[in-house]
Number of protein chains: 2
Amino acid sequence: MSSLYKHLRVHQVFGANTDVGKTILTTALARTSARKKFPVFYLKPVSTGAVEDADDHHVVRFGRNSSNLIRSECLYRYDDPVSPHLAAIRKVSESGSTPTDSTLISAVANKIREYASKSPKPGHVYIETAGGVHSPVLSGTTQADCYRPLFLPTILVGDSKLGGISSTISSYESLLLRGYIVDTVVMFRDEYYRNWEYLSEYFKARGIHLSAVDPPPARNSNATEDRASTEEYYASLVASEEESSISRVIDYLDARHAVRHKELESMPQRSIDSIWWPFVQHGTVKGEQDVTVIDSAFGDFFSVYKQPKNTSSSSLLSPEFDGSASWWTQALGHANPTLTMAAARASGRYGHVMFPQATHLPALRLAERLIQKGPGKGWASRAFFSDNGSTGMEVAIKMALRAWSLRNGADLTKENKKKLGILGLKGSYHGDTIGAMDATEDGVYTCEWHDSKGYWFDPPTVGFQDGQLVISVPSSLSTSDTPHVSPAKSLGWVYDVGERLHTPLARAYTMHIRRVLDNLEKNGENKLAALVIEPLVMGAGGMIFVDPLFQRVLIDVVRGRRSTSSSQWSGLPIIFDEVFTGLQRIGVESAGPVLGVNPDISVHAKILTGGLIPLSITLASKSIFDAFWGDQKAVALLHGHSYTAHPIGCEVANETLAQIEKLTESDDWKASKAVWAEDDGQQGKAWSVWDPQFIKQVSKLPSVKEAMALGTVLAINFKDSSAGYTSFFAQNLLKPLKEVTGNAGELSLAPGGANYGINYRTLGNVGYFMTSLNTKSSIIRSIEDKIWKTISA
Amino acid sequence: MSSLYKHLRVHQVFGANTDVGKTILTTALARTSARKKFPVFYLKPVSTGAVEDADDHHVVRFGRNSSNLIRSECLYRYDDPVSPHLAAIRKVSESGSTPTDSTLISAVANKIREYASKSPKPGHVYIETAGGVHSPVLSGTTQADCYRPLFLPTILVGDSKLGGISSTISSYESLLLRGYIVDTVVMFRDEYYRNWEYLSEYFKARGIHLSAVDPPPARNSNATEDRASTEEYYASLVASEEESSISRVIDYLDARHAVRHKELESMPQRSIDSIWWPFVQHGTVKGEQDVTVIDSAFGDFFSVYKQPKNTSSSSLLSPEFDGSASWWTQALGHANPTLTMAAARASGRYGHVMFPQATHLPALRLAERLIQKGPGKGWASRAFFSDNGSTGMEVAIKMALRAWSLRNGADLTKENKKKLGILGLKGSYHGDTIGAMDATEDGVYTCEWHDSKGYWFDPPTVGFQDGQLVISVPSSLSTSDTPHVSPAKSLGWVYDVGERLHTPLARAYTMHIRRVLDNLEKNGENKLAALVIEPLVMGAGGMIFVDPLFQRVLIDVVRGRRSTSSSQWSGLPIIFDEVFTGLQRIGVESAGPVLGVNPDISVHAKILTGGLIPLSITLASKSIFDAFWGDQKAVALLHGHSYTAHPIGCEVANETLAQIEKLTESDDWKASKAVWAEDDGQQGKAWSVWDPQFIKQVSKLPSVKEAMALGTVLAINFKDSSAGYTSFFAQNLLKPLKEVTGNAGELSLAPGGANYGINYRTLGNVGYFMTSLNTKSSIIRSIEDKIWKTISA
């Protein structure tokens, strides 16, 4: 992960092309740093011998006078001046084998750590890449992608030749697409093409300083004279104090380094002073140490700024596993180039375009995909776009209220309609907007206007207790025949809902639900107008794994004896809030196939846009849509946000869904499914990336009441006398996870091999952990290990 | 604007660098098209003579046999093989002067139109660019940016030399950042570097086909032999039917062209079948012709697909002015590269990172900017992030309800709190979520659950009637001393609120407001807990320009005699809903300075993110923030969306605000302000990009009741007996604006010089038009002309 040391300024040098003078200019930078009495570390991770030779004419490298301050190294060297993808299959002279990306960047990160420990006083590091920004490293990954986890500030060496304006700008844009901080552009002052002239203005407009320096002398066939003229050339570059000289570049880079460091240092207090965080009691933020400063992120990890302790030789940035998958949205890891490209191409083609009665390809493809082969398959007819799960749920509720009222509400007054109720489960959560909140019970999340409308069942739940998977039935439901806690055969069995429909428990659920609904109808003055559930897992309510059989029976009872051929909704419009649970978050694309029933309306968000930007889609059946059909505008669904179906969100969603399709066939997923199948004795409908043995062991700990996992989600319910959302028990117990830990000398799994901590969130007495859909199983094993060590301690 | 003809396949050829064989491969493409009996048009818009010469060795161009089918042209030629930015200041051989971007692309677009009219049967056009993708054209703009308005499908010629993998990928990414459709990559099969091998896989993974073709023979010093070997080389490329040959490329491009055309053709019906549009009565969508198919967008214009009429020689795509600034969000034009880059660099650096108790630079900078030098200057202390204006308003309402209840609500029951009311103006609109809706009166937008909470004044308004600016006072307020309609001195005078505070009208407003509030307090059982206004203009309510004096007096009365030194809110928390009106949409950054008072809470969205993606910020004073301060989590503002403060939105917002700062100093804005100052007799606080004389003339038309403009917004209120939101009067009257019109032979102002229509929206009997903040005044004049011709007809 990103390395940033207070006393060690590190820059990575990228070239706009091969043969643009990268080696010459890096050498000049190193020599100038040395002249200024800084210890200098020059590192060339991958070196192509012949190109080096070609440059050697100008490179008498580090000269005699300053060399005692300069240490120069190369990690991997190969001899042919060919593209590295070919070199990889030829001889790699140093190691004999091709390093993986992970090995390569760990080696670079280790070198930087080593330099930092050797440089108690301020020093400079120059890491020179090979070829252009996208020249591949030995593994075949291009450099801009391969080195990205290190997130080193960069120097771009511009191209001074014909065509160099284009290659310099394009190279800059490729770096920018990966979030690199380009501190400066350096290039030769070629007086014929004068690219520096054009590019100075171009980069100035983008806040980037460009320095043009004198080009090297022409090659002299006399080796001694050549060496002398080169030495003279370097001497002139190094000695000069004039504007745009190398010396000024050094000062500028030092200043940028200082600014970056100062900015990071200032961020916690500035944030405390100006930001109002969501769901945070500012009164409990005691000081700067309580603020997580995220400098960048890559894959599963944040790169987090830590207040420096005693040693000046430790990095100010360290990796932190993003343990709540960036608030439940991450699917493909942070800064995934595929998603960045999707966002960029939609922005470049459309920006945003208004949507009423208009269409564009990204939105149309997304709508069709969700309806025809996504969670809407087999029942949905329409896609309505909004901005987040909460607004998507408000749309869903508006749809259901209208559909129900049109069929059943002819006699209702306006006041009666205001009180139409939602049927649901206790612990439900459908978003923070006031309307979505009204579809749930009173609770801690609600505001003055909150007005619970409806009835919520206390649901039976599923989880591991003391090593055994059990179904827990609430006291309202438990009888001598239906014990409060009963063991379940296996995870696969629990989620085989069709099979369980004929069990005594199903009959008990049915009778209980019928009885309650009958009483509500008899006693209640307010009508119920929709059934709203979060299928399988209620997230914000505390990661409650609901017994799927109960949800299925509830739907069956509500719908009554509907002819399966009918395309009309029946009983109540049924809404699946799949904002959190959908799109493989819990290992299934949609809960419909698990429950064996489809909704009339479903809502999708979070993973939908891969963890990048907000977008939500509400799917509806034709019979719901028809309730808004007419010739009067007032009858239409008069809801819409300005950025409805913004092309960037839609394009990112399309890309995300395509990537997820591939992921579901990945080896890691297959292996995880196999582990659970073995545990089940058969391949079931439920599985998790978390290991069943780990979960069972956790559930046996004295501090743990229950543990459970589905898909990427792991939840640990701690025993806590003062349980509830406002509990700090789990928060305090898990606190050590935030600490950066690792075994000395052992490379961790974070990019760059740094030790790492875990960034996690709790919901009252529940600690939960969530991965991306592509988190490597080796990382998950390591997280399990850290969790185990922390909570079993 | 984009040209797309059914029978004419047009491709633009970009090179990954200079000297990659662009001319040779384009020649081969042209010759192969000709061999297949297609008429071929080869166009080189800008040609550098000497480079041509260098290529001429291999380019015996179009040969003897096929040349009768090939027409080859060049628009601008210059002789030095230098960067075009230098050529521009040297001799331009053909025209003698440097063409502007607009002239250049209009010339290209005209050529394509000409080819289309000359090619009744299917033909091919190849437009060859010069140098690399970002090599500048004569004006200094880089090619990728300059040609973007034409949005031609592209062929990228890859670089087969050392470093060519990098330059090819970077060039591709630069095209992608501008939304270009890259149909295929073609390059030489260099057997030493084998770049094609690596790049084939790379592009395949991105859905792009790459073809590698044999490189040309080595140059022969004997001119005759050289010509013969070159001719032989071309013959071999052209004749071959084998896989990855040029012939296959032609077939592939034809297939892509057909797919693109078929896809556009299918989009209206597919959209009708799968999309549920916001605010649209689907029952009134009569058929494909009612769907606006947006193929791309650039600057102020959509590129819209039109069902082909009789002539095969007219483009299937035509420009449509985005007359509602993409639902009120546009600030800097569509597909603005600056905003795309901002989105890309944030995506590359962070993706999304969860926000509670965390911080990142884009969010922190945005919060500080809005508080310290933006609309929060002088009063705001905190920024709370949410996803759109509606959720931002829900947050604002939650803040106000809590702050008020804490001070005044000790005796209120839970039921009383549910009924706390909002004080506002009739015609208010604060977003579509149910809570935001409850802050407004009953109306057409509301759903079954809608429960109006509060009281709304009928506001006095401002507008031009029959050529005269007037203030219209509602009947509830008009007396013999306060006439229903009274003339106003000038626009500047109306918005000089401080000056008007001492007028009789101010006293009349004060007495009226006090009387109403006293009655409400005496009679009402429900308490008022917040004053919520859209300052100056109520948008969705029908573009109602409220007399600013009334809003100022209302605030003063509500606040009572507050000591100006107090930092506590007074009377009621005051919320400015500046979602639509803020950030220069109506010519001021915030209404505070115009009204002479600051709010306690304000909400910002739409323009905030430049018209790209959703993001909202609710600003609050310290005294509001303090109402949520404590040691209990339950006391905190428990609201938050998963994508809270997503870095992409924040970075785009920062970039937008920086750009807007520059725009407010632009010559176009200064000129518009000067025109209004002249009309006023002094520089006032209000102005518009729309011309005062035009507005006055429009207001004199018999069909027009009132016309008014502020900043970028023009509203025309039509006389209509069946007025109201559901009226179709304005819609029908303005319908001809959608038609593509222009004077024959005269270049229009749309990019590429094509004639264009206007995409507009109405709000009942109000037609409105909105520009971006950087729409050129020449375009605005042309829009005025079209509007005038349509409504005065």
# chains A, B, ... in the order shown; residues from 1 in each chain; ligands from 1
$ residues_around --residues "region 11-16 of chain A" --least-positions-apart "6" --cutoff "9 Å" --atoms "only C-alpha atoms" --output "PyMOL selection string"
(chain A and resi 22+26+124-133+143-144+152-159+164+167-172+183+253) or (chain B and resi 166-167)
$ select_by_dssp --residues "region 528-655 of chain B" --states "strand (DSSP E)" --output "list in words"
Leu528, Ala529, Ala530, Leu531, Val532, Ile533, Val537, Met538, Ile544, Phe545, Ile574, Ile575, Phe576, Asp577, Ile601, Ser602, Val603, His604, Ser616, Ile617, Thr618, Leu619 and Ala620 of chain B
$ select_by_dssp --residues "region 594-679 of chain A" --states "alpha helix (DSSP H)" --output "PyMOL selection string"
chain A and resi 594-595+622-625+647-663+667-679
$ closest_residue --among "B:Pro149, B:Pro217, B:Gly587, B:Gly767" --to "chain A" --atoms "only C-alpha atoms"
B:Pro149
$ closest_residue --among "A:Thr142, A:Thr292, A:Ser47, A:Ser782" --to "chain B" --atoms "only C-alpha atoms"
A:Thr292
$ residues_around --residues "Ala331 (chain A)" --least-positions-apart "2" --cutoff "12 Å" --atoms "only C-alpha atoms" --output "MDAnalysis selection string"
(chainID A and resid 299:300 322 324:329 333:336 339 580 582:587 605:612 652:653 655:661 663:664 711:712 770:775) or (chainID B and resid 351:352)
$ write_last_selection --atoms "N, CA and C atoms" --output "tab-separated table (two decimals), in the first residue's frame"
chain	number	residue	atom	x	y	z
A	299	GLY	N	-8.33	-1.83	-4.27
A	299	GLY	CA	-8.78	-3.19	-3.99
A	299	GLY	C	-9.62	-3.21	-2.72
A	300	ASP	N	-9.23	-4.03	-1.77
A	300	ASP	CA	-10.00	-4.14	-0.54
A	300	ASP	C	-9.53	-3.20	0.56
A	322	ASP	N	-11.12	-2.65	4.21
A	322	ASP	CA	-12.42	-1.98	4.20
A	322	ASP	C	-13.49	-3.00	4.60
A	324	SER	N	-16.38	-3.01	5.91
A	324	SER	CA	-17.82	-2.95	5.66
A	324	SER	C	-18.09	-2.64	4.20
A	325	ALA	N	-17.09	-3.05	3.35
A	325	ALA	CA	-17.24	-2.93	1.91
A	325	ALA	C	-17.81	-1.56	1.55
A	326	SER	N	-17.15	-0.55	2.12
A	326	SER	CA	-17.59	0.84	1.94
A	326	SER	C	-19.10	0.99	2.01
A	327	TRP	N	-19.52	0.73	3.22
A	327	TRP	CA	-20.94	0.86	3.55
A	327	TRP	C	-21.81	0.04	2.59
A	328	TRP	N	-21.38	-1.19	2.38
A	328	TRP	CA	-22.20	-2.20	1.73
A	328	TRP	C	-22.35	-2.01	0.22
A	329	THR	N	-21.49	-1.17	-0.37
A	329	THR	CA	-21.64	-0.88	-1.80
A	329	THR	C	-20.62	-1.60	-2.68
A	333	GLY	N	-13.95	-4.02	-5.61
A	333	GLY	CA	-12.74	-3.39	-5.08
A	333	GLY	C	-12.66	-1.92	-5.43
A	334	HIS	N	-11.89	-1.20	-4.65
A	334	HIS	CA	-11.73	0.24	-4.88
A	334	HIS	C	-10.90	0.51	-6.12
A	335	ALA	N	-11.22	1.62	-6.77
A	335	ALA	CA	-10.40	2.13	-7.86
A	335	ALA	C	-10.20	1.07	-8.94
A	336	ASN	N	-11.24	0.33	-9.18
A	336	ASN	CA	-11.20	-0.69	-10.23
A	336	ASN	C	-11.18	0.01	-11.60
A	339	LEU	N	-14.29	0.00	-13.91
A	339	LEU	CA	-15.40	0.88	-13.57
A	339	LEU	C	-15.05	2.34	-13.84
A	580	PHE	N	-29.81	-3.87	-0.17
A	580	PHE	CA	-28.60	-4.42	0.45
A	580	PHE	C	-28.35	-5.86	0.04
A	582	GLY	N	-29.38	-7.75	-2.51
A	582	GLY	CA	-29.38	-8.23	-3.89
A	582	GLY	C	-28.02	-8.24	-4.56
A	583	LEU	N	-28.02	-8.75	-5.80
A	583	LEU	CA	-26.85	-8.70	-6.68
A	583	LEU	C	-25.61	-9.35	-6.05
A	584	GLN	N	-25.82	-10.51	-5.46
A	584	GLN	CA	-24.76	-11.38	-4.95
A	584	GLN	C	-24.15	-10.93	-3.63
A	585	ARG	N	-24.67	-9.89	-3.00
A	585	ARG	CA	-24.11	-9.50	-1.70
A	585	ARG	C	-24.17	-10.68	-0.73
A	586	ILE	N	-25.29	-11.42	-0.74
A	586	ILE	CA	-25.40	-12.58	0.14
A	586	ILE	C	-25.37	-13.88	-0.66
A	587	GLY	N	-24.68	-13.81	-1.82
A	587	GLY	CA	-24.42	-15.04	-2.57
A	587	GLY	C	-25.50	-15.45	-3.55
A	605	ALA	N	-30.00	-1.23	-5.45
A	605	ALA	CA	-29.06	-0.11	-5.37
A	605	ALA	C	-27.72	-0.66	-4.86
A	606	LYS	N	-26.99	0.13	-4.13
A	606	LYS	CA	-25.69	-0.24	-3.55
A	606	LYS	C	-24.77	-0.95	-4.57
A	607	ILE	N	-24.70	-2.28	-4.54
A	607	ILE	CA	-23.80	-3.00	-5.44
A	607	ILE	C	-24.09	-2.68	-6.91
A	608	LEU	N	-25.32	-2.29	-7.18
A	608	LEU	CA	-25.74	-2.02	-8.56
A	608	LEU	C	-24.70	-1.20	-9.32
A	609	THR	N	-24.13	-0.19	-8.67
A	609	THR	CA	-23.12	0.65	-9.32
A	609	THR	C	-21.71	0.31	-8.82
A	610	GLY	N	-21.53	-0.92	-8.39
A	610	GLY	CA	-20.18	-1.43	-8.12
A	610	GLY	C	-19.43	-0.76	-6.98
A	611	GLY	N	-20.10	0.08	-6.21
A	611	GLY	CA	-19.40	0.77	-5.13
A	611	GLY	C	-18.73	2.03	-5.63
A	612	LEU	N	-19.40	2.77	-6.50
A	612	LEU	CA	-18.76	3.97	-7.07
A	612	LEU	C	-19.61	5.22	-6.88
A	652	VAL	N	-21.77	2.44	-15.46
A	652	VAL	CA	-21.01	1.75	-14.41
A	652	VAL	C	-21.80	0.52	-13.94
A	653	ALA	N	-23.11	0.64	-13.85
A	653	ALA	CA	-23.94	-0.50	-13.44
A	653	ALA	C	-23.85	-1.62	-14.48
A	655	GLU	N	-21.43	-2.26	-16.50
A	655	GLU	CA	-20.10	-2.86	-16.39
A	655	GLU	C	-20.03	-3.75	-15.14
A	656	THR	N	-20.58	-3.26	-14.04
A	656	THR	CA	-20.57	-4.03	-12.80
A	656	THR	C	-21.29	-5.37	-12.98
A	657	LEU	N	-22.47	-5.33	-13.58
A	657	LEU	CA	-23.24	-6.56	-13.75
A	657	LEU	C	-22.49	-7.54	-14.65
A	658	ALA	N	-21.80	-7.02	-15.67
A	658	ALA	CA	-21.02	-7.90	-16.55
A	658	ALA	C	-19.87	-8.54	-15.78
A	659	GLN	N	-19.22	-7.74	-14.93
A	659	GLN	CA	-18.10	-8.28	-14.16
A	659	GLN	C	-18.59	-9.31	-13.13
A	660	ILE	N	-19.74	-9.03	-12.53
A	660	ILE	CA	-20.27	-9.95	-11.52
A	660	ILE	C	-20.58	-11.31	-12.16
A	661	GLU	N	-21.10	-11.26	-13.37
A	661	GLU	CA	-21.40	-12.51	-14.07
A	661	GLU	C	-20.16	-13.40	-14.16
A	663	LEU	N	-17.52	-13.17	-12.17
A	663	LEU	CA	-17.07	-13.51	-10.82
A	663	LEU	C	-17.80	-14.72	-10.25
A	664	THR	N	-19.07	-14.83	-10.58
A	664	THR	CA	-19.82	-15.94	-10.01
A	664	THR	C	-19.29	-17.28	-10.50
A	711	GLY	N	-23.09	-15.42	1.77
A	711	GLY	CA	-22.36	-14.66	0.75
A	711	GLY	C	-21.17	-13.95	1.36
A	712	THR	N	-21.10	-12.64	1.17
A	712	THR	CA	-19.93	-11.88	1.64
A	712	THR	C	-20.10	-11.35	3.05
A	770	MET	N	-17.71	-7.46	5.90
A	770	MET	CA	-18.24	-7.66	4.55
A	770	MET	C	-17.09	-7.51	3.56
A	771	THR	N	-17.03	-8.40	2.61
A	771	THR	CA	-15.98	-8.32	1.59
A	771	THR	C	-16.57	-7.81	0.28
A	772	SER	N	-15.71	-7.49	-0.65
A	772	SER	CA	-16.17	-7.26	-2.02
A	772	SER	C	-16.49	-8.62	-2.62
A	773	LEU	N	-17.05	-8.63	-3.82
A	773	LEU	CA	-17.35	-9.91	-4.46
A	773	LEU	C	-16.07	-10.57	-4.98
A	774	ASN	N	-15.01	-9.79	-5.12
A	774	ASN	CA	-13.77	-10.36	-5.66
A	774	ASN	C	-12.61	-10.36	-4.66
A	775	THR	N	-12.95	-10.23	-3.37
A	775	THR	CA	-11.88	-10.30	-2.37
A	775	THR	C	-11.26	-11.70	-2.39
B	351	GLY	N	-12.34	5.35	-5.69
B	351	GLY	CA	-13.64	4.69	-5.84
B	351	GLY	C	-14.56	5.42	-4.88
B	352	HIS	N	-15.35	4.67	-4.13
B	352	HIS	CA	-16.11	5.29	-3.05
B	352	HIS	C	-15.53	4.79	-1.72
$ residues_around --residues "Cys447 (chain B)" --least-positions-apart "2" --cutoff "9 Å" --atoms "only C-alpha atoms" --output "PDB file with N, CA and C atoms, in the first residue's frame"
ATOM      1  N   LYS A 398     -44.880   4.311  -3.187  1.00  0.00           N
ATOM      2  CA  LYS A 398     -45.873   5.072  -3.963  1.00  0.00           C
ATOM      3  C   LYS A 398     -46.578   4.172  -4.977  1.00  0.00           C
ATOM      4  N   LEU A 401     -48.993   1.817  -2.971  1.00  0.00           N
ATOM      5  CA  LEU A 401     -50.159   2.520  -2.421  1.00  0.00           C
ATOM      6  C   LEU A 401     -51.172   2.812  -3.522  1.00  0.00           C
ATOM      7  N   ARG A 402     -50.670   3.241  -4.662  1.00  0.00           N
ATOM      8  CA  ARG A 402     -51.580   3.560  -5.768  1.00  0.00           C
ATOM      9  C   ARG A 402     -52.288   2.307  -6.270  1.00  0.00           C
ATOM     10  N   LYS A 418     -54.067   8.405   3.983  1.00  0.00           N
ATOM     11  CA  LYS A 418     -52.828   8.815   4.654  1.00  0.00           C
ATOM     12  C   LYS A 418     -52.351   7.751   5.630  1.00  0.00           C
ATOM     13  N   LEU A 637     -47.017   8.484 -12.476  1.00  0.00           N
ATOM     14  CA  LEU A 637     -46.165   8.490 -11.281  1.00  0.00           C
ATOM     15  C   LEU A 637     -45.322   9.760 -11.341  1.00  0.00           C
ATOM     16  N   LEU A 638     -45.783  10.773 -10.606  1.00  0.00           N
ATOM     17  CA  LEU A 638     -45.134  12.081 -10.692  1.00  0.00           C
ATOM     18  C   LEU A 638     -43.989  12.148  -9.683  1.00  0.00           C
TER      19      LEU A 638
ATOM     20  N   ILE B 434     -41.382  11.615   0.196  1.00  0.00           N
ATOM     21  CA  ILE B 434     -42.651  11.888   0.873  1.00  0.00           C
ATOM     22  C   ILE B 434     -42.506  12.946   1.960  1.00  0.00           C
ATOM     23  N   MET B 437     -42.229  16.328   0.439  1.00  0.00           N
ATOM     24  CA  MET B 437     -43.559  16.673  -0.086  1.00  0.00           C
ATOM     25  C   MET B 437     -44.481  17.186   1.021  1.00  0.00           C
ATOM     26  N   VAL B 444     -50.760  18.150  -7.270  1.00  0.00           N
ATOM     27  CA  VAL B 444     -50.792  17.056  -8.223  1.00  0.00           C
ATOM     28  C   VAL B 444     -49.624  16.081  -8.012  1.00  0.00           C
ATOM     29  N   TYR B 445     -48.535  16.585  -7.463  1.00  0.00           N
ATOM     30  CA  TYR B 445     -47.352  15.735  -7.323  1.00  0.00           C
ATOM     31  C   TYR B 445     -47.455  14.714  -6.196  1.00  0.00           C
ATOM     32  N   TRP B 449     -49.952   8.910   0.800  1.00  0.00           N
ATOM     33  CA  TRP B 449     -49.470   9.209   2.160  1.00  0.00           C
ATOM     34  C   TRP B 449     -49.290  10.708   2.411  1.00  0.00           C
ATOM     35  N   HIS B 450     -49.411  11.517   1.361  1.00  0.00           N
ATOM     36  CA  HIS B 450     -49.115  12.946   1.513  1.00  0.00           C
ATOM     37  C   HIS B 450     -49.950  13.569   2.621  1.00  0.00           C
TER      38      HIS B 450
END
$ residues_around --residues "region 378-386 of chain B" --least-positions-apart "3" --cutoff "6 Å" --atoms "only C-alpha atoms" --output "JSON, numbers by chain"
{"A": [274, 275, 276], "B": [367, 371, 392, 616, 617, 618, 619, 620, 621, 622, 644, 645]}
$ residues_around --residues "Gly348 (chain B)" --least-positions-apart "3" --cutoff "9 Å" --atoms "only C-alpha atoms" --output "list in words"
Leu175, Leu176, Leu177, Arg178, Gly179, Tyr180, Ser296, Ala297, Phe298, His334, Ala335, Asn336, Pro337 and Thr340 of chain A; Ala343, Ala344, Arg345 and Gly351 of chain B
$ residues_around --residues "Gly409 (chain A)" --least-positions-apart "2" --cutoff "12 Å" --atoms "only C-alpha atoms" --output "PyMOL selection string"
(chain A and resi 401-407+411-420+526-529) or (chain B and resi 448)
$ closest_residue --among "B:Arg77, B:Arg761, B:His7, B:His209" --to "chain A" --atoms "only C-alpha atoms"
B:Arg761
